[in-house]
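S.K.: The structure's right below; bear with me while I get my questions together.
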Amino acid sequence: MGISAVACIVLSAILMLNAQQSNGALSAETQMLIEEANMSGPYLGLVIPNSFEMDPLLQSPNFTSSNLFIDFSGRRFRFGTIANKQVILVMTGLSMINAAITTQLLLSVFNIEGVVHYGIAGHANPSFNLADVVIPQYWSHSALWSWQRYGKGPQDELPLEANGDYTREFGYLNVANYTVNATDGSSYDNLLNNIWFQPEEVFPIDGTPEERQHAFWVAVDPLYYEISQKLEELELERCLNATTCLPHTPKVARVQRGTSASIFLSNAAYRSFLYDKFNITPLDMESASVGLICLQQRVPFIAIRSLSSSLTGGGSGDPNEASKFITLASKNSVTAVVEFIEQLSLHQLLINH
(Lines give C-alpha, C1' and ligand atoms only; values in the text may rest on other atoms or scores of the structure.)
Protein backbone atom coordinates (compact mmCIF):
# COMPACT_ATOMS: atom_id res chain seq x y z
CA MET A 1 0.00 0.00 0.00
CA GLY A 2 1.41 3.36 -1.02
CA ILE A 3 2.10 6.26 1.31
CA SER A 4 -0.71 8.27 -0.27
CA ALA A 5 -3.19 5.44 0.39
CA VAL A 6 -2.11 5.19 4.04
CA ALA A 7 -2.40 8.94 4.40
CA CYS A 8 -5.92 8.80 3.01
CA ILE A 9 -6.91 6.10 5.51
CA VAL A 10 -5.43 8.04 8.43
CA LEU A 11 -7.11 11.23 7.25
CA SER A 12 -10.44 9.42 6.91
CA ALA A 13 -10.10 8.02 10.44
CA ILE A 14 -9.34 11.48 11.84
CA LEU A 15 -12.30 12.97 10.03
CA MET A 16 -14.58 10.20 11.32
CA LEU A 17 -13.29 10.72 14.88
CA ASN A 18 -13.84 14.47 14.66
CA ALA A 19 -17.33 13.89 13.30
CA GLN A 20 -18.09 11.53 16.18
CA GLN A 21 -16.88 14.04 18.74
CA SER A 22 -18.78 16.93 17.15
CA ASN A 23 -21.97 14.84 17.16
CA GLY A 24 -21.61 14.02 20.84
CA ALA A 25 -20.39 10.43 20.36
CA LEU A 26 -17.59 9.05 22.52
CA SER A 27 -14.09 9.24 21.09
CA ALA A 28 -12.02 6.08 20.81
CA GLU A 29 -9.76 7.33 23.61
CA THR A 30 -12.75 7.93 25.92
CA GLN A 31 -14.23 4.54 25.10
CA MET A 32 -10.92 2.88 26.00
CA LEU A 33 -10.76 4.74 29.33
CA ILE A 34 -14.33 3.68 30.14
CA GLU A 35 -13.67 0.03 29.29
CA GLU A 36 -10.54 -0.01 31.45
CA ALA A 37 -12.37 1.67 34.34
CA ASN A 38 -15.29 -0.75 34.16
CA MET A 39 -12.93 -3.72 34.39
CA SER A 40 -12.07 -2.44 37.88
CA GLY A 41 -15.71 -2.00 38.92
CA PRO A 42 -18.34 -2.10 40.16
CA TYR A 43 -18.54 1.42 41.61
CA LEU A 44 -20.85 3.27 43.91
CA GLY A 45 -22.09 6.32 42.02
CA LEU A 46 -22.21 9.61 43.94
CA VAL A 47 -24.52 12.03 42.15
CA ILE A 48 -24.09 15.62 43.37
CA PRO A 49 -26.03 18.72 42.29
CA ASN A 50 -23.45 21.53 42.53
CA SER A 51 -19.79 22.31 43.15
CA PHE A 52 -20.39 23.76 46.64
CA GLU A 53 -21.83 20.36 47.60
CA MET A 54 -19.10 18.35 45.86
CA ASP A 55 -16.04 20.36 46.94
CA PRO A 56 -16.24 19.40 50.66
CA LEU A 57 -16.08 15.75 49.64
CA LEU A 58 -13.20 16.30 47.22
CA GLN A 59 -11.33 18.04 50.05
CA SER A 60 -12.25 15.46 52.68
CA PRO A 61 -9.50 13.15 54.00
CA ASN A 62 -12.06 10.35 53.67
CA PHE A 63 -11.97 10.60 49.88
CA THR A 64 -8.90 9.28 48.07
CA SER A 65 -8.74 10.27 44.44
CA SER A 66 -7.32 7.77 41.96
CA ASN A 67 -6.36 10.77 39.77
CA LEU A 68 -8.55 9.35 37.01
CA PHE A 69 -11.34 11.39 35.56
CA ILE A 70 -13.28 10.89 32.34
CA ASP A 71 -14.98 13.79 30.57
CA PHE A 72 -17.85 13.40 28.14
CA SER A 73 -21.25 14.88 27.39
CA GLY A 74 -20.39 17.98 29.40
CA ARG A 75 -19.80 15.98 32.60
CA ARG A 76 -16.67 14.98 34.51
CA PHE A 77 -16.67 11.56 36.17
CA ARG A 78 -14.12 11.46 39.01
CA PHE A 79 -12.81 8.15 40.36
CA GLY A 80 -11.62 7.37 43.86
CA THR A 81 -12.33 5.46 47.06
CA ILE A 82 -14.19 6.10 50.30
CA ALA A 83 -13.87 3.55 53.12
CA ASN A 84 -12.14 1.16 50.70
CA LYS A 85 -15.15 1.36 48.41
CA GLN A 86 -14.65 2.41 44.80
CA VAL A 87 -16.72 5.44 43.90
CA ILE A 88 -17.44 7.68 40.91
CA LEU A 89 -18.35 11.30 41.65
CA VAL A 90 -20.31 13.32 39.11
CA MET A 91 -21.89 16.76 39.30
CA THR A 92 -25.30 17.17 37.68
CA GLY A 93 -25.97 20.89 37.71
CA LEU A 94 -29.26 22.42 38.78
CA SER A 95 -32.72 20.94 38.15
CA MET A 96 -34.59 17.77 37.34
CA ILE A 97 -33.49 17.55 33.70
CA ASN A 98 -29.77 17.89 34.44
CA ALA A 99 -30.03 15.35 37.26
CA ALA A 100 -31.84 12.85 35.03
CA ILE A 101 -29.40 13.22 32.12
CA THR A 102 -26.36 12.84 34.37
CA THR A 103 -27.75 9.83 36.23
CA GLN A 104 -28.67 8.09 32.98
CA LEU A 105 -25.18 8.71 31.58
CA LEU A 106 -23.62 7.31 34.75
CA LEU A 107 -25.73 4.14 34.68
CA SER A 108 -25.55 3.58 30.93
CA VAL A 109 -21.79 3.93 30.62
CA PHE A 110 -20.25 2.71 33.87
CA ASN A 111 -20.40 -0.44 36.00
CA ILE A 112 -22.52 0.91 38.88
CA GLU A 113 -23.73 -1.13 41.85
CA GLY A 114 -25.80 1.66 43.42
CA VAL A 115 -26.36 5.41 43.57
CA VAL A 116 -26.04 7.77 46.52
CA HIS A 117 -27.39 11.24 45.89
CA TYR A 118 -26.65 14.00 48.37
CA GLY A 119 -26.71 17.76 48.80
CA ILE A 120 -28.60 20.53 50.53
CA ALA A 121 -32.34 21.24 50.53
CA GLY A 122 -35.11 23.44 51.79
CA HIS A 123 -37.69 21.86 54.02
CA ALA A 124 -41.32 21.87 55.06
CA ASN A 125 -41.32 19.96 58.34
CA PRO A 126 -41.40 22.16 61.49
CA SER A 127 -39.84 19.32 63.51
CA PHE A 128 -36.46 19.96 61.87
CA ASN A 129 -33.90 22.74 61.92
CA LEU A 130 -31.18 24.30 59.84
CA ALA A 131 -28.23 21.94 59.10
CA ASP A 132 -30.14 18.80 60.13
CA VAL A 133 -29.65 15.89 57.72
CA VAL A 134 -32.70 13.93 56.59
CA ILE A 135 -33.06 10.67 54.69
CA PRO A 136 -36.53 10.11 53.17
CA GLN A 137 -37.90 6.67 52.44
CA TYR A 138 -39.91 7.98 49.48
CA TRP A 139 -39.49 10.75 46.90
CA SER A 140 -41.94 12.34 44.47
CA HIS A 141 -41.79 14.78 41.58
CA SER A 142 -44.41 17.33 42.61
CA ALA A 143 -44.43 19.55 39.50
CA LEU A 144 -46.03 17.23 36.96
CA TRP A 145 -49.57 18.59 36.88
CA SER A 146 -52.93 18.49 35.19
CA TRP A 147 -54.20 22.06 35.50
CA GLN A 148 -57.97 21.92 35.56
CA ARG A 149 -60.20 24.22 33.53
CA TYR A 150 -62.04 26.93 35.45
CA GLY A 151 -65.56 25.84 36.32
CA LYS A 152 -64.58 22.19 36.79
CA GLY A 153 -64.14 20.65 40.22
CA PRO A 154 -62.97 17.54 42.08
CA GLN A 155 -65.98 15.56 40.91
CA ASP A 156 -65.18 16.21 37.22
CA GLU A 157 -63.03 13.89 35.16
CA LEU A 158 -59.75 15.35 33.95
CA PRO A 159 -58.96 15.54 30.24
CA LEU A 160 -57.53 12.21 29.01
CA GLU A 161 -58.20 10.62 32.42
CA ALA A 162 -60.26 7.88 30.78
CA ASN A 163 -57.22 6.95 28.67
CA GLY A 164 -55.08 6.52 31.78
CA ASP A 165 -52.92 9.55 30.93
CA TYR A 166 -53.98 11.58 33.98
CA THR A 167 -55.47 10.81 37.37
CA ARG A 168 -57.11 12.36 40.43
CA GLU A 169 -55.54 9.74 42.71
CA PHE A 170 -52.91 11.97 44.33
CA GLY A 171 -55.00 15.04 45.03
CA TYR A 172 -54.93 18.68 44.08
CA LEU A 173 -54.15 22.23 45.11
CA ASN A 174 -57.16 24.56 45.13
CA VAL A 175 -55.73 28.00 44.36
CA ALA A 176 -58.79 29.76 45.76
CA ASN A 177 -57.94 28.48 49.24
CA TYR A 178 -55.01 30.90 49.27
CA THR A 179 -56.96 34.09 48.63
CA VAL A 180 -55.93 36.89 51.00
CA ASN A 181 -57.30 40.29 52.03
CA ALA A 182 -60.91 39.10 51.61
CA THR A 183 -62.87 41.07 54.20
CA ASP A 184 -66.55 40.92 53.30
CA GLY A 185 -67.05 37.35 54.53
CA SER A 186 -68.14 35.87 51.21
CA SER A 187 -66.52 32.82 49.60
CA TYR A 188 -63.96 33.40 46.88
CA ASP A 189 -63.06 31.62 43.68
CA ASN A 190 -59.97 31.88 41.47
CA LEU A 191 -59.57 31.59 37.72
CA LEU A 192 -56.47 29.45 38.29
CA ASN A 193 -58.79 26.80 39.77
CA ASN A 194 -57.24 23.39 40.67
CA ILE A 195 -53.83 21.82 40.06
CA TRP A 196 -53.82 18.00 40.15
CA PHE A 197 -50.59 16.17 40.98
CA GLN A 198 -49.60 13.47 38.51
CA PRO A 199 -47.32 10.41 38.56
CA GLU A 200 -44.42 10.05 36.15
CA GLU A 201 -44.48 7.61 33.26
CA VAL A 202 -41.65 5.11 33.68
CA PHE A 203 -40.29 2.43 31.37
CA PRO A 204 -38.31 -0.12 33.44
CA ILE A 205 -35.53 -2.05 31.72
CA ASP A 206 -37.17 -5.33 32.76
CA GLY A 207 -40.56 -4.29 31.38
CA THR A 208 -41.96 -4.34 27.87
CA PRO A 209 -40.40 -1.60 25.69
CA GLU A 210 -42.73 1.38 25.17
CA GLU A 211 -45.21 -0.05 27.67
CA ARG A 212 -45.51 2.59 30.36
CA GLN A 213 -45.89 2.21 34.08
CA HIS A 214 -46.64 5.02 36.54
CA ALA A 215 -44.82 6.12 39.68
CA PHE A 216 -45.59 9.00 42.01
CA TRP A 217 -43.76 7.83 45.14
CA VAL A 218 -40.31 6.37 44.43
CA ALA A 219 -38.93 4.26 47.27
CA VAL A 220 -35.24 4.27 48.11
CA ASP A 221 -33.50 0.92 48.29
CA PRO A 222 -34.73 -1.03 51.38
CA LEU A 223 -31.23 -2.21 52.35
CA TYR A 224 -29.75 1.27 51.94
CA TYR A 225 -32.56 2.71 54.04
CA GLU A 226 -31.98 0.11 56.77
CA ILE A 227 -28.26 0.85 56.84
CA SER A 228 -28.96 4.59 57.01
CA GLN A 229 -30.54 4.13 60.43
CA LYS A 230 -27.02 3.88 61.84
CA LEU A 231 -26.42 7.49 60.79
CA GLU A 232 -28.92 8.74 63.38
CA GLU A 233 -26.15 8.47 66.02
CA LEU A 234 -23.83 10.70 64.00
CA GLU A 235 -22.51 13.96 65.46
CA LEU A 236 -22.81 16.91 63.09
CA GLU A 237 -21.21 20.35 63.06
CA ARG A 238 -23.20 23.29 64.41
CA CYS A 239 -20.66 26.09 63.86
CA LEU A 240 -20.05 27.86 60.59
CA ASN A 241 -16.86 29.39 62.00
CA ALA A 242 -15.37 30.43 65.33
CA THR A 243 -17.96 33.16 65.85
CA THR A 244 -21.10 31.86 64.11
CA CYS A 245 -22.79 28.84 65.66
CA LEU A 246 -26.32 27.50 65.62
CA PRO A 247 -28.22 27.46 68.93
CA HIS A 248 -29.04 23.78 68.38
CA THR A 249 -26.99 20.69 67.57
CA PRO A 250 -27.95 19.35 64.12
CA LYS A 251 -29.13 15.76 63.89
CA VAL A 252 -29.58 13.00 61.31
CA ALA A 253 -33.03 11.47 60.95
CA ARG A 254 -34.86 9.15 58.62
CA VAL A 255 -38.18 10.60 57.46
CA GLN A 256 -41.12 9.41 55.43
CA ARG A 257 -41.13 11.62 52.34
CA GLY A 258 -39.28 14.22 50.28
CA THR A 259 -40.23 15.93 47.05
CA SER A 260 -38.48 17.56 44.10
CA ALA A 261 -39.34 20.03 41.35
CA SER A 262 -37.47 22.41 39.06
CA ILE A 263 -38.65 25.24 41.28
CA PHE A 264 -36.66 27.20 43.86
CA LEU A 265 -39.34 27.30 46.54
CA SER A 266 -39.37 30.24 48.93
CA ASN A 267 -43.09 30.45 49.61
CA ALA A 268 -44.50 29.58 53.02
CA ALA A 269 -48.05 28.87 51.82
CA TYR A 270 -47.01 26.27 49.25
CA ARG A 271 -44.46 24.80 51.65
CA SER A 272 -47.22 24.34 54.26
CA PHE A 273 -49.51 22.81 51.64
CA LEU A 274 -46.90 20.21 50.67
CA TYR A 275 -46.30 19.32 54.30
CA ASP A 276 -49.98 19.06 55.18
CA LYS A 277 -50.91 17.20 51.99
CA PHE A 278 -47.98 14.80 51.58
CA ASN A 279 -46.02 14.87 54.88
CA ILE A 280 -42.96 16.25 53.10
CA THR A 281 -39.71 17.05 54.90
CA PRO A 282 -36.95 17.99 52.36
CA LEU A 283 -37.73 20.07 49.26
CA ASP A 284 -35.16 20.07 46.46
CA MET A 285 -34.70 20.19 42.70
CA GLU A 286 -33.00 16.87 41.85
CA SER A 287 -33.53 13.87 44.17
CA ALA A 288 -36.77 12.53 42.67
CA SER A 289 -35.24 12.74 39.21
CA VAL A 290 -32.25 10.63 40.27
CA GLY A 291 -34.63 8.20 41.97
CA LEU A 292 -36.86 7.86 38.90
CA ILE A 293 -33.89 7.01 36.67
CA CYS A 294 -32.63 4.45 39.19
CA LEU A 295 -36.14 2.97 39.43
CA GLN A 296 -36.27 2.47 35.68
CA GLN A 297 -32.72 1.07 35.56
CA ARG A 298 -33.32 -1.16 38.62
CA VAL A 299 -30.30 0.24 40.45
CA PRO A 300 -30.32 0.74 44.26
CA PHE A 301 -30.72 4.39 45.26
CA ILE A 302 -30.78 6.61 48.33
CA ALA A 303 -30.80 10.39 48.79
CA ILE A 304 -29.34 12.24 51.76
CA ARG A 305 -30.11 15.94 52.16
CA SER A 306 -28.95 18.55 54.66
CA LEU A 307 -31.38 21.38 55.39
CA SER A 308 -29.97 24.76 54.38
CA SER A 309 -32.69 26.92 55.92
CA SER A 310 -35.09 26.96 58.86
CA LEU A 311 -38.49 26.54 57.20
CA THR A 312 -38.77 27.19 53.47
CA GLY A 313 -40.33 30.60 52.93
CA GLY A 314 -40.44 31.28 56.64
CA GLY A 315 -38.38 30.29 59.66
CA SER A 316 -35.96 33.04 60.60
CA GLY A 317 -37.39 35.49 58.09
CA ASP A 318 -33.89 36.12 56.73
CA PRO A 319 -34.06 35.83 52.91
CA ASN A 320 -30.30 35.23 52.81
CA GLU A 321 -30.35 32.43 55.36
CA ALA A 322 -29.85 29.70 52.73
CA SER A 323 -26.77 31.35 51.20
CA LYS A 324 -25.36 32.13 54.66
CA PHE A 325 -25.40 28.52 55.87
CA ILE A 326 -24.77 26.64 52.62
CA THR A 327 -21.23 25.79 53.74
CA LEU A 328 -22.33 24.26 57.03
CA ALA A 329 -25.22 22.36 55.48
CA SER A 330 -22.98 21.04 52.70
CA LYS A 331 -20.36 19.82 55.17
CA ASN A 332 -22.99 18.03 57.21
CA SER A 333 -24.36 16.30 54.13
CA VAL A 334 -20.85 15.10 53.26
CA THR A 335 -20.30 13.86 56.82
CA ALA A 336 -23.49 11.81 56.57
CA VAL A 337 -22.63 10.44 53.12
CA VAL A 338 -19.15 9.33 54.20
CA GLU A 339 -20.62 7.57 57.23
CA PHE A 340 -23.25 5.88 55.06
CA ILE A 341 -20.58 4.56 52.68
CA GLU A 342 -18.51 3.31 55.63
CA GLN A 343 -21.54 1.47 57.02
CA LEU A 344 -22.43 0.06 53.58
CA SER A 345 -18.84 -1.10 53.07
CA LEU A 346 -18.84 -2.75 56.50
CA HIS A 347 -22.17 -4.46 55.81
CA GLN A 348 -20.94 -5.86 52.49
CA LEU A 349 -17.69 -7.02 54.10
CA LEU A 350 -19.62 -8.93 56.76
CA ILE A 351 -21.94 -10.46 54.16
CA ASN A 352 -19.03 -11.63 52.01
CA HIS A 353 -17.26 -13.23 54.95
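Residues are referred to by chain and number: the chain letter is A, B, ... according to the order shown in the C-alpha coordinates, the number counts from 1 in that chain, and ligands are numbered separately from 1 in the order shown.
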Per DSSP on the backbone, filter segment 41-243 of chain A down to the residues in strand (DSSP E) and report them as a count of residues only.

M.R.: 70

S.K.: For His117 of chain A, list every protein, DNA or RNA residue within 9 Å, evaluated using only C-alpha atoms, and leave out those in the same chain fewer than 4 positions away; present the list as JSON, numbers by chain.

M.R.: {"A": [45, 46, 47, 48, 49, 286, 287, 290, 291, 301, 302, 303, 304, 305, 337]}

S.K.: What's around segment 254-257 of chain A at 8 Å? Count only C-alpha atoms, leave out sequence neighbours fewer than 6 positions away in its own chain, and write the answer as a list of chain:residue names.

M.R.: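 My list of contacting residues is A:Val134, A:Ile135, A:Pro136, A:Gln137, A:Tyr138, A:Trp139, A:Ser140, A:Ser228, A:Gln229, A:Glu232, A:Phe278, A:Asn279, A:Ile280, A:Thr281, A:Pro282.
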
S.K.: Which is closest to Ser306 of chain A among A:Thr327, A:Gln59, A:Ser333, A:Gln86, if we use only C-alpha atoms?

M.R.: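 Distance minimum relative to Ser306 of chain A lands on A:Ser333.
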
S.K.: Could you give me, as number ranges by chain, the residues within 10 Å of Arg271 of chain A, counting only C-alpha atoms and dropping anything in the same chain fewer than 5 positions from it?

M.R.: A: 122-125, 265-266, 276-277, 280-281, 283, 311-314

S.K.: What residues in segment 53-87 of chain A get the DSSP label helix (DSSP H, G or I)? Please answer as a PyMOL selection string.

M.R.: chain A and resi 53-58

S.K.: Find the residues near Ser108 of chain A: any atom within 12 Å, counting only C-alpha atoms, skip ones fewer than 5 places away on the same chain, and give them as a list in words.

M.R.: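 Contacts, with the query itself left out: Ile34, Asn38, Gly45, Ala100, Ile101, Thr102, Thr103, Ile205, Ile293, Cys294, Gln296, Gln297, Arg298 and Val299 of chain A.
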
S.K.: How many Å separate atom CA of Leu173 of chain A from atom CA of Trp145 of chain A?

M.R.: 10.1 Å

S.K.: Hey, what's within 10 Å of Arg78 of chain A if we count only C-alpha atoms and toss same-chain stuff fewer than 6 positions away? As a list in words, please?

M.R.: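 After dropping sequence-adjacent residues, the list is Gly45, Leu46, Leu58, Ser65, Ser66, Asn67, Leu68, Phe69, Ile70, Asp71, Val87, Ile88, Leu89, Val90 and Met91 of chain A.
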
S.K.: Between atom CA of Tyr270 of chain A and atom CA of Gly153 of chain A, what is the distance, to one decimal in Å?

M.R.: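 For atom CA of Tyr270 of chain A relative to atom CA of Gly153 of chain A, the distance reads 20.2 Å.
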
S.K.: Counting only C-alpha atoms, what is within 9 Å of segment 164-172 of chain A, bar same-chain residues fewer than 5 positions away, as an MDAnalysis selection string?

M.R.: chainID A and resid 145:146 154 157:159 194:199 201 216 277
